[in-house]
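Colleague: work.txt (compact mmCIF, C-alpha atoms) pasted underneath:
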```
# COMPACT_ATOMS: atom_id res chain seq x y z
CA TYR A 797 -21.91 -20.18 5.04
CA LYS A 798 -25.58 -20.89 5.78
CA GLU A 799 -26.15 -21.38 2.08
CA LEU A 800 -23.39 -24.00 2.00
CA LYS A 801 -25.17 -26.04 4.66
CA ALA A 802 -28.16 -26.76 2.42
CA ARG A 803 -28.11 -28.53 -0.91
CA PRO A 804 -28.42 -26.10 -3.83
CA SER A 805 -31.84 -25.59 -5.34
CA TYR A 806 -32.21 -24.50 -8.96
CA ASP A 807 -36.00 -24.31 -9.12
CA GLY A 808 -36.14 -26.99 -11.80
CA LYS A 809 -33.80 -25.16 -14.18
CA VAL A 810 -31.03 -27.70 -13.76
CA HIS A 811 -29.01 -29.90 -16.10
CA ARG A 812 -27.55 -33.16 -14.86
CA TYR A 813 -24.59 -35.04 -16.31
CA LEU A 814 -23.48 -38.54 -15.32
CA SER A 815 -19.68 -38.87 -15.47
CA SER A 816 -18.08 -41.27 -17.96
CA GLN A 817 -17.58 -44.06 -15.40
CA GLY A 818 -20.92 -43.44 -13.73
CA ASN A 819 -19.53 -42.45 -10.33
CA PHE A 820 -20.58 -38.77 -10.20
CA PHE A 821 -23.76 -36.88 -10.99
CA ILE A 822 -22.89 -33.28 -11.93
CA HIS A 823 -25.69 -30.71 -11.43
CA PHE A 824 -25.45 -27.32 -13.17
CA THR A 825 -27.56 -24.55 -14.61
CA GLY A 826 -27.46 -23.71 -18.32
CA SER A 827 -27.71 -19.94 -18.05
CA GLY A 828 -27.61 -17.07 -15.61
CA TYR A 829 -25.42 -16.14 -12.65
CA HIS A 830 -24.57 -19.70 -11.59
CA ALA A 831 -23.91 -21.21 -15.02
CA PRO A 832 -20.46 -22.54 -15.92
CA ASP A 833 -18.77 -21.75 -19.23
CA MET A 834 -21.22 -23.33 -21.69
CA THR A 835 -18.72 -23.67 -24.55
CA ASP A 836 -19.26 -27.01 -26.31
CA ALA A 837 -16.40 -27.39 -28.77
CA ASP A 838 -17.15 -31.00 -29.68
CA LEU A 839 -20.89 -30.26 -30.09
CA ASN A 840 -21.94 -33.26 -28.04
CA GLY A 841 -24.47 -31.29 -26.01
CA ILE A 842 -22.36 -31.21 -22.82
CA PRO A 843 -20.37 -28.07 -21.89
CA ASP A 844 -16.64 -28.76 -22.10
CA GLN A 845 -16.12 -27.43 -18.56
CA ILE A 846 -18.61 -29.95 -17.16
CA GLU A 847 -16.86 -32.81 -18.94
CA ILE A 848 -13.52 -31.63 -17.55
CA ILE A 849 -14.95 -31.45 -14.03
CA ALA A 850 -16.42 -34.94 -14.36
CA ASP A 851 -13.13 -36.37 -15.67
CA ILE A 852 -11.14 -34.85 -12.79
CA PHE A 853 -13.57 -36.39 -10.32
CA GLU A 854 -13.19 -39.77 -12.01
CA LEU A 855 -9.39 -39.49 -11.88
CA SER A 856 -9.58 -38.70 -8.16
CA TYR A 857 -11.95 -41.63 -7.71
CA ALA A 858 -9.50 -44.01 -9.43
CA VAL A 859 -6.55 -42.92 -7.28
CA TYR A 860 -8.37 -42.97 -3.93
CA HIS A 861 -10.48 -46.08 -4.36
CA GLN A 862 -8.72 -48.25 -6.94
CA GLN A 863 -5.09 -47.49 -6.08
CA LEU A 864 -5.20 -46.61 -2.37
CA ASP A 865 -8.29 -48.65 -1.35
CA TYR A 866 -10.28 -45.98 0.42
CA ILE A 867 -13.86 -47.05 1.03
CA LEU A 868 -16.61 -45.27 -0.89
CA PRO A 869 -18.50 -42.37 0.66
CA PRO A 870 -21.96 -43.47 1.77
CA SER A 871 -24.73 -43.05 -0.76
CA ASP A 872 -27.47 -40.49 -0.28
CA GLY A 873 -29.88 -42.25 -2.63
CA THR A 874 -31.96 -39.67 -4.47
CA THR A 875 -31.61 -36.89 -1.90
CA GLY A 876 -31.49 -33.43 -3.47
CA GLY A 877 -32.64 -34.61 -6.87
CA GLY A 878 -29.61 -36.82 -7.36
CA GLN A 879 -29.07 -40.46 -8.22
CA ASP A 880 -27.49 -43.26 -6.22
CA VAL A 881 -24.02 -41.90 -7.02
CA TYR A 882 -22.03 -39.05 -5.53
CA ASP A 883 -23.62 -35.63 -6.18
CA VAL A 884 -21.65 -32.57 -7.26
CA TYR A 885 -23.25 -29.13 -7.60
CA ILE A 886 -21.80 -26.37 -9.81
CA LYS A 887 -22.76 -22.89 -8.72
CA ASN A 888 -21.24 -19.43 -8.27
CA TRP A 889 -20.04 -19.25 -4.68
CA PRO A 890 -17.94 -16.03 -4.44
CA GLY A 891 -15.00 -16.56 -2.14
CA TYR A 892 -15.18 -20.38 -2.21
CA TYR A 893 -13.34 -22.60 -4.66
CA GLY A 894 -15.34 -25.55 -3.45
CA PHE A 895 -16.49 -27.45 -0.39
CA ALA A 896 -17.46 -30.90 0.82
CA MET A 897 -20.44 -30.62 3.09
CA PRO A 898 -21.37 -33.23 5.68
CA GLU A 899 -25.13 -33.41 5.56
CA SER A 900 -25.88 -35.64 8.54
CA TYR A 901 -24.55 -38.54 10.53
CA ALA A 902 -25.58 -41.70 8.74
CA ASN A 903 -26.42 -43.75 11.83
CA ASP A 904 -29.63 -44.96 10.22
CA ILE A 905 -27.82 -46.68 7.35
CA SER A 906 -26.85 -50.18 8.36
CA ASP A 907 -23.84 -50.43 6.06
CA TYR A 908 -22.41 -47.12 7.29
CA PRO A 909 -23.16 -46.97 11.02
CA THR A 910 -20.64 -44.26 11.94
CA ARG A 911 -20.09 -42.46 8.65
CA THR A 912 -21.35 -39.26 7.15
CA ILE A 913 -23.39 -38.52 4.04
CA SER A 914 -21.95 -35.59 2.12
CA TYR A 915 -22.01 -33.79 -1.21
CA ILE A 916 -19.64 -31.42 -3.00
CA GLY A 917 -20.02 -27.92 -4.39
CA ILE A 918 -17.60 -26.54 -6.98
CA SER A 919 -17.67 -22.87 -7.93
CA SER A 920 -18.45 -22.29 -11.58
CA TRP A 921 -15.66 -19.73 -12.00
CA VAL A 922 -12.78 -22.06 -10.99
CA THR A 923 -10.58 -23.31 -13.85
CA GLY A 924 -7.19 -24.83 -14.65
CA ALA A 925 -4.85 -25.94 -11.85
CA ASP A 926 -7.16 -24.38 -9.26
CA LEU A 927 -10.00 -26.57 -10.51
CA ARG A 928 -7.89 -29.72 -10.50
CA GLY A 929 -6.61 -29.06 -7.00
CA THR A 930 -10.05 -28.15 -5.67
CA ILE A 931 -11.67 -31.34 -6.93
CA ALA A 932 -8.87 -33.61 -5.67
CA HIS A 933 -9.04 -31.81 -2.32
CA GLU A 934 -12.80 -31.83 -1.85
CA TYR A 935 -13.35 -35.41 -2.92
CA TYR A 936 -10.67 -36.47 -0.45
CA HIS A 937 -12.82 -34.84 2.25
CA ALA A 938 -15.66 -37.08 1.10
CA CYS A 939 -13.36 -40.09 1.50
CA GLN A 940 -12.42 -38.92 4.99
CA MET A 941 -16.07 -38.62 5.94
CA ALA A 942 -16.63 -42.22 4.87
CA TYR A 943 -14.61 -43.17 7.96
CA TYR A 944 -15.54 -40.58 10.54
CA CYS A 945 -16.54 -36.98 11.06
CA ASP A 946 -15.04 -35.47 14.20
CA TYR A 947 -16.89 -32.22 14.79
CA LEU A 948 -15.47 -31.74 18.28
CA ALA A 949 -11.70 -31.50 17.90
CA TYR A 950 -9.76 -28.88 15.95
CA SER A 951 -6.76 -31.21 15.88
CA SER A 952 -8.68 -33.60 13.63
CA TRP A 953 -10.11 -30.79 11.52
CA ALA A 954 -6.62 -29.48 10.87
CA TRP A 955 -5.39 -32.96 9.89
CA ASP A 956 -8.33 -33.28 7.48
CA GLU A 957 -7.21 -30.12 5.68
CA ASN A 958 -3.47 -30.92 5.88
CA THR A 959 -4.02 -34.21 4.09
CA ALA A 960 -6.56 -32.87 1.59
CA MET A 961 -3.90 -30.36 0.53
CA TYR A 962 -1.34 -33.15 0.22
CA THR A 963 -3.64 -35.09 -2.13
CA GLU A 964 -3.74 -32.12 -4.51
CA LYS A 965 -0.06 -32.78 -5.04
CA LEU A 966 -0.50 -36.55 -5.02
CA ILE A 967 -2.95 -36.57 -7.94
CA PHE A 968 -1.56 -33.58 -9.85
CA PRO A 969 2.20 -33.53 -9.14
CA ASP A 970 2.92 -31.00 -11.89
CA ASP A 971 0.54 -28.40 -10.43
CA GLY A 972 1.93 -26.12 -7.75
CA VAL A 973 -1.14 -24.48 -6.23
CA TRP A 974 -0.43 -26.10 -2.86
CA LEU A 975 3.02 -24.49 -2.83
CA ASP A 976 1.46 -21.07 -2.38
CA TYR A 977 0.54 -22.07 1.17
CA THR A 978 3.78 -23.58 2.45
CA GLY A 979 5.74 -20.42 3.20
CA TYR A 980 3.30 -19.33 5.89
CA ARG A 981 3.92 -22.43 7.99
CA GLN A 982 7.65 -22.16 7.48
CA ASN A 983 7.61 -18.53 8.58
CA HIS A 984 5.18 -19.02 11.49
CA PRO A 985 6.37 -22.15 13.31
CA PHE A 986 5.13 -20.65 16.58
CA TYR A 987 1.53 -21.34 15.49
CA GLY A 988 0.32 -24.76 16.56
CA LEU A 989 0.38 -27.73 14.24
CA TRP A 990 -3.38 -28.11 14.48
CA LEU A 991 -4.35 -24.49 14.61
CA PHE A 992 -7.63 -24.19 12.72
CA ASP A 993 -8.33 -20.62 11.66
CA GLY A 994 -9.45 -20.85 8.04
CA TRP A 995 -5.92 -20.49 6.69
CA TYR A 996 -3.22 -22.13 8.74
CA GLU A 997 -4.64 -25.64 8.45
CA TYR A 998 -3.97 -25.46 4.70
CA CYS A 999 -0.43 -24.15 5.20
CA ASN A 1000 0.43 -27.21 7.28
CA VAL A 1001 0.37 -29.32 4.11
CA ILE A 1002 4.11 -29.69 4.69
CA TRP A 1003 3.41 -31.85 7.77
CA PRO A 1004 1.92 -34.81 5.81
CA LEU A 1005 4.51 -34.26 3.08
CA PHE A 1006 7.23 -34.60 5.70
CA ILE A 1007 5.62 -37.74 7.12
CA ARG A 1008 5.40 -39.23 3.64
CA GLU A 1009 9.02 -38.59 2.71
CA ALA A 1010 10.88 -38.88 5.98
CA LEU A 1011 8.89 -41.34 8.11
CA VAL A 1012 6.82 -43.79 6.05
CA ASN A 1013 8.99 -44.25 2.95
CA TRP A 1014 6.59 -42.60 0.51
CA ASP A 1015 3.82 -45.08 1.34
CA ASP A 1016 0.53 -43.24 0.79
CA THR A 1017 -1.46 -46.02 2.43
CA PHE A 1018 -0.33 -44.61 5.80
CA PHE A 1019 -2.89 -41.84 5.49
CA ARG A 1020 -5.70 -44.26 4.71
CA ILE A 1021 -4.76 -46.31 7.77
CA VAL A 1022 -4.93 -43.19 9.95
CA PHE A 1023 -8.48 -42.52 8.80
CA GLU A 1024 -9.42 -46.17 9.28
CA GLU A 1025 -8.20 -45.95 12.87
CA LEU A 1026 -9.99 -42.66 13.41
CA GLY A 1027 -13.19 -44.32 12.26
CA LEU A 1028 -12.81 -47.10 14.82
CA LEU A 1029 -12.76 -44.76 17.81
CA THR A 1030 -16.12 -44.34 19.48
CA THR A 1031 -15.22 -42.08 22.40
CA LEU A 1032 -13.46 -38.76 22.19
CA GLU A 1033 -9.88 -38.97 23.41
CA GLU A 1034 -8.49 -36.00 25.30
CA GLY A 1035 -7.60 -33.39 22.69
CA GLY A 1036 -9.52 -35.21 19.98
CA PHE A 1037 -9.10 -38.48 18.11
CA TYR A 1038 -6.18 -37.39 16.00
CA PRO A 1039 -3.35 -37.04 18.57
CA HIS A 1040 -4.07 -40.50 19.95
CA VAL A 1041 -4.14 -42.16 16.53
CA MET A 1042 -1.10 -40.33 15.18
CA ASN A 1043 1.00 -41.23 18.19
CA GLU A 1044 0.03 -44.89 17.76
CA GLN A 1045 0.45 -45.09 13.98
CA LEU A 1046 3.71 -43.15 13.76
CA GLY A 1047 5.10 -45.54 16.35
CA ILE A 1048 4.05 -48.55 14.26
CA TRP A 1049 5.24 -47.15 10.93
CA SER A 1050 8.38 -45.26 11.89
CA GLY A 1051 9.28 -46.09 15.49
CA TYR A 1052 8.79 -42.45 16.51
CA SER A 1053 6.22 -41.03 18.86
CA MET A 1054 4.22 -38.00 17.74
CA ALA A 1055 6.48 -35.77 19.86
CA GLU A 1056 9.67 -37.28 18.41
CA ALA A 1057 8.34 -37.03 14.85
CA TYR A 1058 7.45 -33.37 15.40
CA GLN A 1059 10.99 -32.64 16.60
CA LEU A 1060 12.39 -34.14 13.41
CA PHE A 1061 9.89 -32.06 11.44
CA THR A 1062 10.91 -28.74 12.98
CA VAL A 1063 14.60 -29.38 12.31
CA TRP A 1064 13.88 -30.31 8.71
CA ASN A 1065 11.54 -27.37 8.33
CA TYR A 1066 14.26 -24.95 9.36
CA LEU A 1067 16.77 -26.44 6.92
CA VAL A 1068 14.40 -26.45 3.96
CA LYS A 1069 13.28 -22.90 4.59
CA ASP A 1070 16.62 -21.24 5.09
CA CYS A 1071 19.37 -23.39 3.74
CA TYR A 1072 18.87 -26.35 1.46
CA ASP A 1073 18.87 -25.92 -2.30
CA GLY A 1074 16.98 -28.82 -3.86
CA THR A 1075 17.18 -31.05 -0.80
CA GLY A 1076 14.59 -31.69 1.85
CA TYR A 1077 10.94 -32.55 1.65
CA GLU A 1078 9.85 -33.66 -1.75
CA ASP A 1079 10.41 -30.43 -3.63
CA GLY A 1080 13.30 -28.75 -1.87
CA ALA A 1081 14.01 -25.52 -3.69
CA SER A 1082 10.42 -25.25 -4.91
CA PHE A 1083 9.14 -24.29 -1.48
CA LYS A 1084 8.09 -20.68 -1.06
CA ARG A 1085 10.86 -19.42 1.19
CA GLN A 1086 10.26 -16.04 2.73
CA PRO A 1087 12.53 -16.29 5.77
CA ARG A 1088 11.12 -14.72 8.86
CA ILE A 1089 13.51 -12.77 11.06
CA HIS A 1090 14.01 -15.13 13.97
CA GLN A 1091 15.29 -14.15 17.38
CA VAL A 1092 19.03 -13.60 16.83
CA LEU A 1093 21.63 -13.60 19.58
CA HIS A 1094 25.38 -13.18 19.78
CA TYR A 1095 27.65 -14.69 22.37
CA GLN A 1096 28.00 -11.34 24.07
CA ASP A 1097 24.25 -11.59 24.77
CA LEU A 1098 24.76 -14.74 26.85
CA PRO A 1099 23.84 -16.10 29.32
CA PHE A 1100 20.40 -15.55 27.84
CA SER A 1101 17.10 -16.01 29.64
CA GLY A 1102 13.84 -16.35 27.73
CA SER A 1103 10.80 -15.35 29.69
CA GLY A 1104 8.05 -17.29 27.96
CA ASP A 1105 6.06 -14.05 28.02
CA PRO A 1106 3.64 -13.95 25.03
CA ALA A 1107 4.50 -10.25 24.58
CA SER A 1108 8.20 -11.03 24.26
CA ASN A 1109 10.20 -11.87 21.15
CA ASN A 1110 11.51 -14.80 23.15
CA GLU A 1111 8.11 -16.38 23.52
CA VAL A 1112 7.73 -20.07 22.90
CA SER A 1113 4.13 -20.28 21.80
CA PRO A 1114 1.74 -21.97 24.21
CA GLN A 1115 -0.06 -23.62 21.31
CA THR A 1116 0.25 -27.38 21.07
CA TYR A 1117 2.99 -28.59 18.75
CA ALA A 1118 4.35 -25.11 18.12
CA SER A 1119 8.00 -24.07 17.77
CA HIS A 1120 10.38 -21.18 18.11
CA TYR A 1121 13.81 -20.72 16.51
CA ILE A 1122 16.68 -18.80 18.09
CA GLU A 1123 19.71 -18.21 15.88
CA ILE A 1124 23.13 -17.55 17.38
CA TYR A 1125 26.10 -16.38 15.33
CA PRO A 1126 29.20 -16.91 17.49
CA ASP A 1127 32.50 -15.20 16.76
CA GLU A 1128 35.25 -17.61 15.77
CA THR A 1129 37.37 -16.47 18.70
CA GLY A 1130 34.46 -16.25 21.12
CA PRO A 1131 34.37 -17.70 24.62
CA GLY A 1132 33.85 -21.38 25.36
CA ALA A 1133 30.62 -23.24 25.87
CA MET A 1134 27.86 -21.23 27.53
CA LEU A 1135 24.29 -21.70 28.74
CA ILE A 1136 21.02 -20.56 27.34
CA THR A 1137 18.23 -20.48 29.90
CA PHE A 1138 14.48 -20.48 29.51
CA SER A 1139 12.16 -19.87 32.40
CA GLY A 1140 8.51 -19.07 32.92
CA GLU A 1141 5.57 -20.75 31.23
CA ILE A 1142 7.64 -22.89 28.90
CA ALA A 1143 8.98 -24.80 31.89
CA LYS A 1144 5.67 -25.29 33.67
CA ASN A 1145 3.40 -28.28 33.30
CA GLN A 1146 4.36 -28.93 29.71
CA GLU A 1147 6.17 -31.45 27.63
CA TRP A 1148 8.79 -29.59 25.67
CA GLY A 1149 11.63 -30.46 23.35
CA TYR A 1150 14.74 -28.74 22.15
CA SER A 1151 17.17 -29.33 19.29
CA LEU A 1152 20.58 -27.76 18.75
CA LEU A 1153 21.28 -27.52 15.05
CA CYS A 1154 24.85 -26.43 14.24
CA HIS A 1155 26.54 -25.36 11.02
CA ASP A 1156 30.22 -26.03 10.35
CA ARG A 1157 31.79 -22.74 9.28
CA GLN A 1158 33.88 -24.49 6.60
CA HIS A 1159 30.78 -25.31 4.50
CA PRO A 1160 28.18 -23.26 2.63
CA LEU A 1161 24.75 -23.12 4.21
CA SER A 1162 23.47 -25.79 1.83
CA SER A 1163 25.60 -28.39 3.63
CA GLY A 1164 27.62 -28.89 6.80
CA TRP A 1165 24.76 -29.12 9.29
CA GLU A 1166 24.61 -31.49 12.22
CA LEU A 1167 22.10 -32.14 14.95
CA TYR A 1168 24.36 -31.46 17.91
CA SER A 1169 21.95 -32.46 20.66
CA HIS A 1170 18.26 -32.75 21.36
CA GLY A 1171 15.90 -33.78 24.10
CA ILE A 1172 12.31 -34.09 25.27
CA SER A 1173 11.51 -33.37 28.87
CA ARG A 1174 8.90 -32.34 31.41
CA LYS A 1175 10.15 -29.83 33.94
CA THR A 1176 8.70 -27.42 36.45
CA GLU A 1177 11.78 -25.24 36.72
CA THR A 1178 14.17 -23.32 34.49
CA ILE A 1179 15.72 -25.05 31.50
CA ASP A 1180 19.46 -24.74 30.95
CA ILE A 1181 20.96 -25.87 27.64
CA LEU A 1182 24.70 -26.05 27.10
CA LEU A 1183 25.84 -24.52 23.81
CA PRO A 1184 28.80 -25.98 21.92
CA ASN A 1185 32.17 -24.29 21.61
CA PRO A 1186 31.94 -21.58 18.91
CA GLY A 1187 35.25 -22.35 17.26
CA ILE A 1188 33.82 -24.91 14.84
CA PHE A 1189 30.38 -23.47 14.20
CA ASP A 1190 29.32 -20.16 12.68
CA ARG A 1191 25.60 -20.66 13.28
CA ILE A 1192 23.83 -22.38 16.12
CA VAL A 1193 20.04 -22.77 15.96
CA ILE A 1194 18.10 -23.56 19.11
CA ILE A 1195 14.69 -24.98 18.28
CA PHE A 1196 12.17 -25.09 21.10
CA ASP A 1197 9.12 -27.26 20.57
CA ASN A 1198 5.95 -27.13 22.63
CA LEU A 1199 4.69 -30.70 22.63
CA ARG A 1200 1.65 -30.45 24.88
```
Would you write out, as structure tokens, the structure that this file holds?

Modeller:
Amino acid sequence: YKELKARPSYDGKVHRYLSSQGNFFIHFTGSGYHAPDMTDADLNGIPDQIEIIADIFELSYAVYHQQLDYILPPSDGTTGGGQDVYDVYIKNWPGYYGFAMPESYANDISDYPTRTISYIGISSWVTGADLRGTIAHEYYHACQMAYYCDYLAYSSWAWDENTAMYTEKLIFPDDGVWLDYTGYRQNHPFYGLWLFDGWYEYCNVIWPLFIREALVNWDDTFFRIVFEELGLLTTLEEGGFYPHVMNEQLGIWSGYSMAEAYQLFTVWNYLVKDCYDGTGYEDGASFKRQPRIHQVLHYQDLPFSGSGDPASNNEVSPQTYASHYIEIYPDETGPGAMLITFSGEIAKNQEWGYSLLCHDRQHPLSSGWELYSHGISRKTETIDILLPNPGIFDRIVIIFDNLR
């Protein structure tokens, strides 16, 4: 990681290639451990892999700046042996596909008073769909840094990665590398939405995909607006910039608060993961479904009391914007409506939400679902939720959402 924080040095043994549109300066070595594939099929003196890398960067540039109107990352002049265009370094970084590295706050540049100079490294061994996704992803980080660089809040870091994953799909819709990450979020909803642990932030790609499809009518400019608003903040809001901005912008674009939008997300997430075939999110059946065994109850287990104890299967995670599913399979001739009760930490000093998702026994699991009831509340005592009569439904899903 220390090596990533300093621009690469090739001791003068470096080749430099200016991309076709002149927006990227690609640095690479011609031989040795760090060299890319030097095959030059068209004999023009430039390795084919370098031309491919440059073209992918230019495609990303066109989408972000010419179609979606993101501002350009600030120039670094000739720092690191580059030119007054964005610098990309090709080198063998085992374990890293690529990275976008913020070099310093650019407070001394009058045109970019709050933005961050950065550069990109791409590993020489990355090819194919992995290469396309990596470049789209890392250059989007450079676009983000043109607006702000929030080093102090994991919530914003997670959002940076969520959306960089989403742009892999945006630019290369026929590639499915991002899909390899989605199952982990679907199977671990009890981890917080902005958990940042080197893995989970990538798996939450389905959060911006949900926003795009369900809340903002496929309008990709929403994400640019979020980063514009993040760049306007000059003091750190409680919990980071991101929760404040998202609550504001989701309200403007969709009429939902952040908490309400997250409740919709967790219901949809359950249906896509377990039930729908070709419906839900953008790709439906393409999502990597590996259903986790949720807490399962039967009516004979009721009344049920969840403790909120982290060591219990009934835990509702204390992480912010985390969820827990409880599935109930009532007998057709079971008793009437009954209560489910949660007590303990879930009911103390938190904003929480619940949703009752019910399946009509006359339909296959791919249809026949209804949102029976839902709510958002702040309580300091036990929570009692009335379950519907079992005669109609053969599956009842209680979704608890931690919203604070």

Colleague: Near Lys965 in chain A, within 10 Å and counting all atoms listed in the file, which residues show up once chain neighbours fewer than 2 positions away are dropped, as a list in words?

Modeller: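 Near Lys965 in chain A, the qualifying residues are Gly929, Ala932, His933, Ala960, Met961, Tyr962, Thr963, Ile967, Phe968, Pro969, Asp970, Asp971, Gly972, Val973, Trp974, Leu975, Val1001 and Leu1005 of chain A.
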
Colleague: What's the separation between CA of Val810 in chain A and CA of Gly826 in chain A, in Å to one decimal place?

Modeller: 7.0 Å

Colleague: Just give me the gap between CA of Ala837 in chain A and CA of Asp851 in chain A in Å, one decimal is fine.

Modeller: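 Going from CA of Ala837 in chain A over to CA of Asp851 in chain A covers 16.2 Å.
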
Colleague: Figure out the distance between CA of Ser1119 in chain A and CA of Gly988 in chain A, please, to one decimal in Å.

Modeller: 7.8 Å

Colleague: So, with only C-alpha atoms as the atoms that count, which of A:Thr923, A:Ser871, A:Ser914, A:Gln817 lies closest to Asp833 in chain A?

Modeller: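 Using only C-alpha atoms, Asp833 in chain A sits closest to A:Thr923.
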
Colleague: Let me make sure I understand: among A:Leu1028, A:Ile842, A:Val1012, A:Ala850, which one has the smallest atom-to-atom distance to Gly818 in chain A if we use only C-alpha atoms?

Modeller: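 Between A:Leu1028, A:Ile842, A:Val1012, A:Ala850, the residue approaching Gly818 in chain A most closely is A:Ala850.
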
Colleague: From the options A:Leu855, A:Val1193, A:Val884, A:Ile1007, which residue's atoms come nearest to Ser920 in chain A, counting all atoms listed in the file?

Modeller: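 Among A:Leu855, A:Val1193, A:Val884, A:Ile1007, it is A:Val884 that comes nearest to Ser920 in chain A.
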
Colleague: Measuring between all atoms listed in the file, which one of A:Trp1165, A:Phe986, A:Trp1049, A:Tyr857 shows the shortest distance to Phe1189 in chain A?

Modeller: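 Nearest candidate to Phe1189 in chain A out of A:Trp1165, A:Phe986, A:Trp1049, A:Tyr857: A:Trp1165.
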
Colleague: Leaving out Trp955 in chain A and any residue of its chain fewer than 5 positions from it, which residues lie within 10 Å of it when counting all atoms listed in the file, given as a list in words?

Modeller: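 So the residues in contact are Tyr950, Ala960, Met961, Leu989, Trp990, Leu991, Phe992, Glu997, Tyr998, Asn1000, Val1001, Trp1003, Pro1004, Tyr1038 and Pro1039 of chain A.
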
Colleague: Can you pull out every residue within 8 Å of Arg1200 in chain A, counting all atoms listed in the file, but drop anything in the same chain fewer than 2 positions away, and send it as a list in words?

Modeller: Gln1115, Thr1116, Tyr1117, Gln1146, Glu1147, Trp1148 and Asn1198 of chain A

Colleague: Mind checking which residues fall within 10 Å of Ser815 in chain A, counting all atoms listed in the file, ignoring those fewer than 2 positions away in the same chain, and posting them as a count of residues only?

Modeller: 18
